[in-house]
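Containing mmCIF, C-alpha atoms: my_file.cif.
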data_model
loop_
_atom_site.label_atom_id
_atom_site.label_comp_id
_atom_site.auth_asym_id
_atom_site.auth_seq_id
_atom_site.Cartn_x
_atom_site.Cartn_y
_atom_site.Cartn_z
CA MET A 1 53.72 -60.91 -71.38
CA PRO A 2 55.75 -59.88 -68.29
CA SER A 3 54.52 -57.02 -66.17
CA SER A 4 55.52 -53.60 -67.47
CA THR A 5 57.17 -52.99 -64.11
CA ALA A 6 58.65 -56.49 -63.73
CA GLY A 7 62.22 -56.79 -62.55
CA LYS A 8 64.39 -54.91 -60.09
CA THR A 9 65.07 -51.22 -60.50
CA VAL A 10 68.71 -50.34 -60.97
CA GLY A 11 68.55 -47.96 -58.01
CA THR A 12 67.61 -50.78 -55.60
CA MET A 13 70.41 -53.12 -56.63
CA GLU A 14 72.59 -54.49 -53.85
CA PHE A 15 75.64 -56.66 -53.44
CA GLY A 16 75.00 -60.17 -54.69
CA ASP A 17 72.71 -59.07 -57.52
CA HIS A 18 73.49 -60.65 -60.88
CA LEU A 19 70.86 -59.16 -63.18
CA CYS A 20 70.01 -59.39 -66.84
CA LEU A 21 69.42 -56.46 -69.18
CA SER A 22 67.78 -57.81 -72.34
CA TYR A 23 67.05 -54.86 -74.58
CA ASP A 24 65.96 -53.82 -78.02
CA ASN A 25 65.69 -50.13 -77.20
CA ALA A 26 68.78 -47.96 -76.92
CA GLU A 27 67.16 -45.29 -74.71
CA GLU A 28 66.14 -47.84 -72.08
CA ARG A 29 69.55 -49.49 -72.04
CA LEU A 30 71.42 -46.21 -71.73
CA ALA A 31 69.13 -44.88 -68.98
CA ILE A 32 69.79 -48.01 -66.94
CA LEU A 33 73.54 -47.98 -67.50
CA LEU A 34 73.89 -44.30 -66.65
CA SER A 35 72.01 -44.78 -63.37
CA TYR A 36 74.12 -47.84 -62.58
CA VAL A 37 77.39 -45.98 -63.13
CA ARG A 38 76.28 -42.78 -61.40
CA ASP A 39 75.01 -44.64 -58.32
CA GLY A 40 78.21 -46.67 -58.19
CA LEU A 41 80.50 -43.67 -58.28
CA ALA A 42 78.41 -41.94 -55.61
CA ALA A 43 78.68 -45.05 -53.40
CA ASP A 44 82.48 -45.25 -53.85
CA HIS A 45 82.28 -48.45 -55.89
CA LYS A 46 84.75 -49.39 -58.59
CA ILE A 47 82.98 -49.60 -61.97
CA ILE A 48 84.18 -52.15 -64.52
CA TYR A 49 82.65 -51.80 -67.97
CA LEU A 50 83.29 -54.67 -70.39
CA SER A 51 82.51 -53.49 -73.89
CA ASP A 52 82.06 -55.69 -76.91
CA GLN A 53 84.67 -53.84 -78.97
CA ASP A 54 84.59 -50.13 -78.05
CA PRO A 55 87.74 -48.66 -76.46
CA PRO A 56 87.45 -46.38 -73.39
CA ASP A 57 87.21 -43.11 -75.32
CA LYS A 58 84.31 -44.38 -77.40
CA VAL A 59 82.43 -45.65 -74.33
CA LEU A 60 82.93 -42.26 -72.66
CA GLY A 61 81.72 -40.57 -75.83
CA TRP A 62 78.34 -42.26 -76.09
CA MET A 63 77.75 -42.43 -72.35
CA GLY A 64 78.35 -38.69 -72.08
CA THR A 65 75.46 -38.03 -74.49
CA VAL A 66 72.88 -39.87 -72.38
CA PRO A 67 70.26 -37.50 -70.90
CA GLY A 68 71.20 -36.90 -67.28
CA ALA A 69 74.95 -37.35 -67.80
CA GLU A 70 75.57 -33.64 -67.33
CA GLY A 71 77.89 -33.03 -64.41
CA LEU A 72 79.11 -36.63 -64.27
CA ASP A 73 82.89 -36.59 -64.67
CA LEU A 74 83.42 -39.95 -66.32
CA ALA A 75 86.74 -38.90 -67.85
CA GLY A 76 88.04 -38.00 -64.40
CA ALA A 77 86.77 -41.30 -62.98
CA LEU A 78 88.54 -43.13 -65.81
CA ASP A 79 91.82 -41.33 -65.15
CA GLU A 80 91.57 -42.13 -61.44
CA GLY A 81 90.81 -45.81 -62.03
CA ARG A 82 87.34 -45.63 -60.50
CA PHE A 83 85.78 -46.31 -63.89
CA VAL A 84 87.53 -49.01 -65.91
CA VAL A 85 86.71 -49.93 -69.51
CA ARG A 86 88.00 -53.10 -71.14
CA THR A 87 87.05 -54.78 -74.39
CA ALA A 88 85.67 -58.32 -74.27
CA GLU A 89 88.83 -59.58 -75.94
CA GLU A 90 90.98 -58.01 -73.20
CA ALA A 91 88.75 -59.24 -70.38
CA TYR A 92 87.85 -62.73 -71.52
CA MET A 93 90.46 -63.87 -74.06
CA ALA A 94 93.79 -62.96 -72.43
CA THR A 95 94.92 -66.60 -72.66
CA GLY A 96 93.53 -67.00 -76.15
CA ARG A 97 90.60 -69.10 -74.98
CA PHE A 98 87.39 -68.44 -73.06
CA ASP A 99 87.52 -70.50 -69.86
CA PRO A 100 84.60 -69.99 -67.41
CA ASP A 101 86.45 -71.12 -64.29
CA GLU A 102 89.51 -69.07 -65.09
CA ILE A 103 87.47 -65.92 -65.71
CA ILE A 104 85.45 -66.35 -62.51
CA ALA A 105 88.72 -66.64 -60.59
CA LEU A 106 90.02 -63.47 -62.27
CA PHE A 107 86.83 -61.62 -61.32
CA ALA A 108 87.20 -62.76 -57.71
CA THR A 109 90.77 -61.45 -57.65
CA GLU A 110 89.65 -58.14 -59.17
CA ILE A 111 87.00 -57.71 -56.48
CA GLU A 112 89.47 -58.49 -53.70
CA LEU A 113 91.95 -56.00 -55.14
CA ALA A 114 89.33 -53.25 -55.33
CA LEU A 115 88.43 -53.78 -51.67
CA VAL A 116 92.11 -53.64 -50.71
CA GLN A 117 92.38 -50.38 -52.67
CA GLY A 118 89.66 -48.95 -50.41
CA TYR A 119 86.58 -49.21 -52.60
CA LYS A 120 83.39 -50.22 -50.84
CA GLY A 121 82.37 -52.57 -53.61
CA VAL A 122 82.53 -53.38 -57.31
CA ARG A 123 79.98 -52.95 -60.10
CA VAL A 124 80.50 -54.91 -63.29
CA THR A 125 78.52 -54.63 -66.50
CA GLY A 126 79.29 -56.34 -69.77
CA GLU A 127 78.08 -56.37 -73.35
CA GLU A 128 77.66 -60.08 -74.05
CA THR A 129 77.44 -60.01 -77.85
CA PHE A 130 81.06 -61.15 -78.01
CA SER A 131 79.88 -64.64 -77.00
CA LEU A 132 78.40 -65.06 -80.50
CA ARG A 133 81.68 -64.41 -82.33
CA GLY A 134 82.85 -68.02 -82.32
CA TRP A 135 86.01 -67.31 -80.35
CA PRO A 136 87.66 -70.41 -78.84
CA GLY A 137 85.76 -71.55 -75.76
CA THR A 138 82.80 -69.20 -76.14
CA GLU A 139 80.56 -72.21 -76.74
CA ARG A 140 80.84 -72.51 -72.92
CA PHE A 141 79.41 -69.04 -72.30
CA ALA A 142 76.09 -70.36 -70.92
CA GLU A 143 78.12 -72.49 -68.50
CA PHE A 144 79.95 -69.34 -67.42
CA GLU A 145 76.68 -67.49 -66.70
CA ARG A 146 75.33 -70.47 -64.74
CA LYS A 147 78.48 -70.79 -62.65
CA ILE A 148 78.92 -67.10 -61.90
CA ASP A 149 75.25 -66.87 -60.96
CA GLU A 150 75.84 -69.65 -58.41
CA VAL A 151 78.75 -67.64 -56.99
CA PHE A 152 76.56 -64.55 -56.61
CA ARG A 153 73.73 -66.58 -55.04
CA THR A 154 75.82 -68.55 -52.57
CA SER A 155 78.74 -66.27 -51.65
CA GLN A 156 79.05 -63.03 -49.73
CA VAL A 157 80.43 -60.84 -52.49
CA ASN A 158 80.80 -57.07 -52.34
CA ALA A 159 79.88 -56.89 -55.99
CA MET A 160 76.95 -56.70 -58.37
CA ALA A 161 76.63 -57.22 -62.10
CA ILE A 162 74.43 -56.37 -65.08
CA CYS A 163 74.77 -58.56 -68.17
CA GLN A 164 73.65 -56.82 -71.37
CA TYR A 165 71.93 -58.81 -74.11
CA ASP A 166 70.92 -57.20 -77.39
CA ARG A 167 67.77 -59.08 -78.47
CA ARG A 168 68.54 -58.35 -82.11
CA TRP A 169 71.50 -60.76 -81.98
CA PHE A 170 70.37 -63.56 -79.64
CA ASP A 171 67.74 -66.06 -80.75
CA GLN A 172 64.81 -66.43 -78.35
CA ALA A 173 65.59 -69.91 -77.00
CA HIS A 174 69.24 -69.05 -76.37
CA LEU A 175 68.31 -65.76 -74.71
CA GLU A 176 65.76 -67.42 -72.43
CA GLN A 177 68.39 -69.92 -71.31
CA LEU A 178 70.88 -67.15 -70.52
CA GLU A 179 68.24 -65.05 -68.73
CA SER A 180 67.45 -68.03 -66.47
CA TYR A 181 70.99 -67.83 -65.09
CA HIS A 182 70.32 -64.46 -63.45
CA VAL A 183 68.65 -63.51 -60.17
CA ASP A 184 66.26 -61.17 -62.00
CA ARG A 185 65.94 -58.63 -64.77
CA VAL A 186 66.95 -55.00 -64.27
CA ARG A 187 64.75 -52.08 -65.26
CA ALA A 188 64.93 -48.31 -65.19
CA ASP A 189 64.27 -46.56 -61.90
CA ASP A 190 60.71 -45.61 -61.06
CA LEU A 191 59.87 -41.95 -61.45
CA HIS A 192 57.62 -42.14 -58.38
CA ASP A 193 56.41 -44.76 -55.90
CA ASP A 194 54.63 -43.80 -52.70
CA GLY A 195 52.74 -47.05 -52.12
CA VAL A 196 49.59 -45.62 -53.70
CA LEU A 197 50.75 -44.96 -57.25
CA ARG A 198 53.90 -46.16 -58.95
CA VAL A 199 55.05 -44.43 -62.13
CA ALA A 200 57.76 -46.02 -64.27
CA PRO A 201 59.17 -44.89 -67.61
CA LEU A 202 58.41 -46.69 -70.86
CA PHE A 203 60.71 -46.51 -73.85
CA ALA A 204 59.22 -48.42 -76.79
CA PRO A 205 56.87 -46.77 -77.40
CA PRO A 206 57.69 -43.92 -75.00
CA GLY A 207 55.37 -43.25 -72.13
CA LEU A 208 54.59 -44.34 -68.60
CA ALA A 209 53.70 -47.59 -66.84
CA LEU A 210 51.30 -47.00 -63.96
CA ALA A 211 50.52 -49.27 -61.02
CA GLY A 212 48.20 -48.81 -58.07
CA VAL A 213 45.37 -46.33 -57.59
CA ILE A 214 44.55 -43.09 -59.39
CA ASP A 215 42.39 -40.90 -57.18
CA GLY A 216 42.38 -37.50 -55.53
CA SER A 217 45.54 -38.25 -53.58
CA SER A 218 47.57 -39.49 -56.53
CA ARG A 219 46.30 -37.35 -59.41
CA PRO A 220 48.77 -34.51 -58.68
CA THR A 221 51.62 -37.01 -59.00
CA LEU A 222 50.22 -38.28 -62.29
CA THR A 223 49.82 -34.72 -63.56
CA ARG A 224 53.48 -33.94 -62.82
CA ALA A 225 54.58 -37.15 -64.53
CA LEU A 226 52.54 -36.37 -67.65
CA ASP A 227 53.80 -32.80 -67.71
CA GLY A 228 57.36 -34.11 -67.53
CA LEU A 229 57.04 -36.15 -70.72
CA PRO A 230 58.88 -34.93 -73.82
CA GLU A 231 57.13 -32.23 -75.85
CA GLN A 232 56.80 -34.26 -79.01
CA GLY A 233 54.22 -35.82 -81.26
CA GLY A 234 54.13 -39.44 -82.33
CA THR A 235 52.71 -42.11 -80.03
CA LEU A 236 52.52 -41.91 -76.26
CA CYS A 237 51.81 -45.16 -74.39
CA LEU A 238 50.25 -45.32 -70.93
CA ASP A 239 50.39 -48.87 -69.63
CA LEU A 240 47.52 -49.44 -67.18
CA SER A 241 47.93 -53.19 -66.72
CA GLU A 242 48.68 -52.77 -63.01
CA VAL A 243 46.18 -50.00 -62.26
CA GLU A 244 43.73 -51.32 -59.69
CA PHE A 245 41.33 -48.37 -59.74
CA SER A 246 40.92 -44.96 -61.31
CA ASP A 247 38.25 -42.42 -60.50
CA THR A 248 36.50 -40.47 -63.24
CA GLU A 249 38.80 -37.47 -63.01
CA GLY A 250 41.77 -39.78 -63.24
CA LEU A 251 40.44 -41.29 -66.46
CA ARG A 252 39.88 -37.83 -67.90
CA LEU A 253 43.43 -36.90 -66.93
CA LEU A 254 44.78 -39.97 -68.74
CA ALA A 255 42.82 -39.15 -71.88
CA SER A 256 44.07 -35.56 -71.80
CA ALA A 257 47.62 -36.84 -72.34
CA ARG A 258 46.84 -36.96 -76.08
CA GLU A 259 47.76 -33.27 -76.00
CA THR A 260 51.11 -31.99 -74.73
CA PRO A 261 51.21 -29.05 -72.28
CA ALA A 262 52.29 -26.90 -75.23
CA GLY A 263 49.24 -27.95 -77.23
CA ALA A 264 50.83 -30.40 -79.67
CA GLN A 265 48.71 -33.41 -80.62
CA ARG A 266 49.91 -37.00 -80.38
CA GLN A 267 48.47 -40.49 -80.60
CA LEU A 268 47.59 -41.90 -77.18
CA LEU A 269 47.72 -45.65 -76.60
CA LEU A 270 46.14 -46.89 -73.38
CA ARG A 271 47.59 -50.39 -73.05
CA GLY A 272 46.71 -53.30 -70.77
CA VAL A 273 43.37 -51.76 -69.77
CA SER A 274 41.20 -53.98 -67.57
CA PRO A 275 37.65 -54.73 -68.82
CA ARG A 276 36.20 -52.66 -65.97
CA ILE A 277 38.30 -49.57 -66.73
CA ALA A 278 37.69 -50.06 -70.44
CA GLY A 279 33.95 -49.99 -69.75
CA GLU A 280 34.27 -46.79 -67.74
CA LEU A 281 36.29 -45.16 -70.52
CA HIS A 282 33.56 -46.13 -72.97
CA GLU A 283 30.77 -44.76 -70.76
CA LEU A 284 32.60 -41.44 -70.56
CA GLY A 285 33.20 -41.42 -74.32
CA LEU A 286 36.95 -41.13 -73.76
CA ASP A 287 37.77 -44.12 -75.97
CA ALA A 288 36.14 -42.37 -78.91
CA MET A 289 38.18 -39.20 -78.64
CA PRO A 290 40.41 -38.42 -81.65
CA GLY A 291 43.86 -39.99 -81.30
CA VAL A 292 42.93 -42.31 -78.40
CA SER A 293 43.34 -46.09 -78.76
CA VAL A 294 42.48 -48.60 -76.05
CA GLU A 295 44.03 -52.05 -75.83
CA GLU A 296 42.33 -54.26 -73.25
CA SER A 297 44.27 -56.75 -71.17
CA ALA A 298 43.82 -60.45 -71.78
CA GLN A 299 42.16 -60.89 -68.39
#
Show this structure as structure tokens.
Amino acid sequence: MPSSTAGKTVGTMEFGDHLCLSYDNAEERLAILLSYVRDGLAADHKIIYLSDQDPPDKVLGWMGTVPGAEGLDLAGALDEGRFVVRTAEEAYMATGRFDPDEIIALFATEIELALVQGYKGVRVTGEETFSLRGWPGTERFAEFERKIDEVFRTSQVNAMAICQYDRRWFDQAHLEQLESYHVDRVRADDLHDDGVLRVAPLFAPPGLALAGVIDGSSRPTLTRALDGLPEQGGTLCLDLSEVEFSDTEGLRLLASARETPAGAQRQLLLRGVSPRIAGELHELGLDAMPGVSVEESAQ
């Protein structure tokens, strides 16, 4: 299983990045896309969104409902041409056939035009489910991903891209092949990273992925992160697979997350727990507390 914090955060993307977003959770996908678009508009980049079938108004509709979208004037950006939405059919099938070399050339022209228009760069993201529709030429889609990845790796391009793959539609072998034609995976931005403790959001199940050390210096950060979680029941997951050390108070703090600040109870899953930390939880009796489940790591 890949690390819970594997991949590159969307906020650290730079020109030349051609990243893969393989998802089966809508909240994670939307959080990443909103950050990508918001950061791009703030950096004076042109945003090109290639939807599977949704027209611009529908893309604006669902993107405007993403938590954190408040205050982001996507409609204004669309009117001004800073945010462009095209369907896959418009973007890829203008000649009636999907041709990898032709499309790569069109993308290069689009990037050059944006720079001439005064933009500092271009951000592209596309929903790639269209490649499964059997349209003429789409059997060459893997070739397209391989070739455009070579362009990103070997050329100085003022552009970056996120390719979206819905795991519900792509079989595993096909998806792994397509993922291999990307520099890396993209993930949601960290909530905190000071070199001692890194806190990243989890989406399925909801919770936090922790990495580093939990001690007197980092416990206040962890407390704020736990307090910032949604006030809801259900299951909360704390992934500890990259936690190197936690003192006793830190372990007690983790176990206390079974109760929300408002007093609601929820199931707490401590995932990826090292044998040493699992032993310490057992000695403290924290693994036996109501609602607490501990899953040890394979190591």
Original post:
Can you list, as an MDAnalysis selection string, the residues that the PyMOL selection byres ((chain A and resi 24) around 9) selects here?
Top reply: chainID A and resid 22:23 25:26 28:29 165:168 204
Subject >> Long-range neighbours of range 60-66 of chain A as a PyMOL selection string, 10 Å cut-off, only C-alpha atoms, 5 positions minimum in chain >> reply: chain A and resi 27+30-31+33-34+37+54-55+71-75+78+85
With C-alpha atoms retained, write the just-selected residues as a JSON list (two decimals), in the coordinates of the input.
[["chain", "number", "residue", "atom", "x", "y", "z"],
["A", 27, "GLU", "CA", 67.16, -45.29, -74.71],
["A", 30, "LEU", "CA", 71.42, -46.21, -71.73],
["A", 31, "ALA", "CA", 69.13, -44.88, -68.98],
["A", 33, "LEU", "CA", 73.54, -47.98, -67.50],
["A", 34, "LEU", "CA", 73.89, -44.30, -66.65],
["A", 37, "VAL", "CA", 77.39, -45.98, -63.13],
["A", 54, "ASP", "CA", 84.59, -50.13, -78.05],
["A", 55, "PRO", "CA", 87.74, -48.66, -76.46],
["A", 71, "GLY", "CA", 77.89, -33.03, -64.41],
["A", 72, "LEU", "CA", 79.11, -36.63, -64.27],
["A", 73, "ASP", "CA", 82.89, -36.59, -64.67],
["A", 74, "LEU", "CA", 83.42, -39.95, -66.32],
["A", 75, "ALA", "CA", 86.74, -38.90, -67.85],
["A", 78, "LEU", "CA", 88.54, -43.13, -65.81],
["A", 85, "VAL", "CA", 86.71, -49.93, -69.51]]
**OP:** Considering all atoms listed in the file, return as number ranges by chain whatever protein or nucleic-acid residues lie within 8 Å of Gln53 in chain A, sequence-local ones (same chain, fewer than 2 positions apart) excluded.
**Re:** A: 51, 55, 87-89
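Candidate residues A:Gly126, A:Gly250, A:Pro56, A:Gly134 were compared for distance to Thr223 in chain A, and the nearest is A:Gly250, using only C-alpha atoms.
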**OP:** Write out as a ChimeraX atom specification each polymer residue whose atoms come within 12 Å of range 95-111 of chain A, counting only C-alpha atoms; drop sequence neighbours fewer than 5 positions from it.
**Re:** /A:15,45-48,50,84,88-90,116-124,130-131,133-152,155-161
**OP:** Fewer than 3 positions away in the same chain doesn't count, so skip those; otherwise give me all residues within 9 Å of range 193-199 of chain A, counting all atoms listed in the file, as a list in words.
**Re:** Asp190, Leu208, Ala209, Leu210, Ala211, Gly212, Val213, Ile214, Ser217, Ser218, Thr221, Leu222, Ala225 and Val243 of chain A
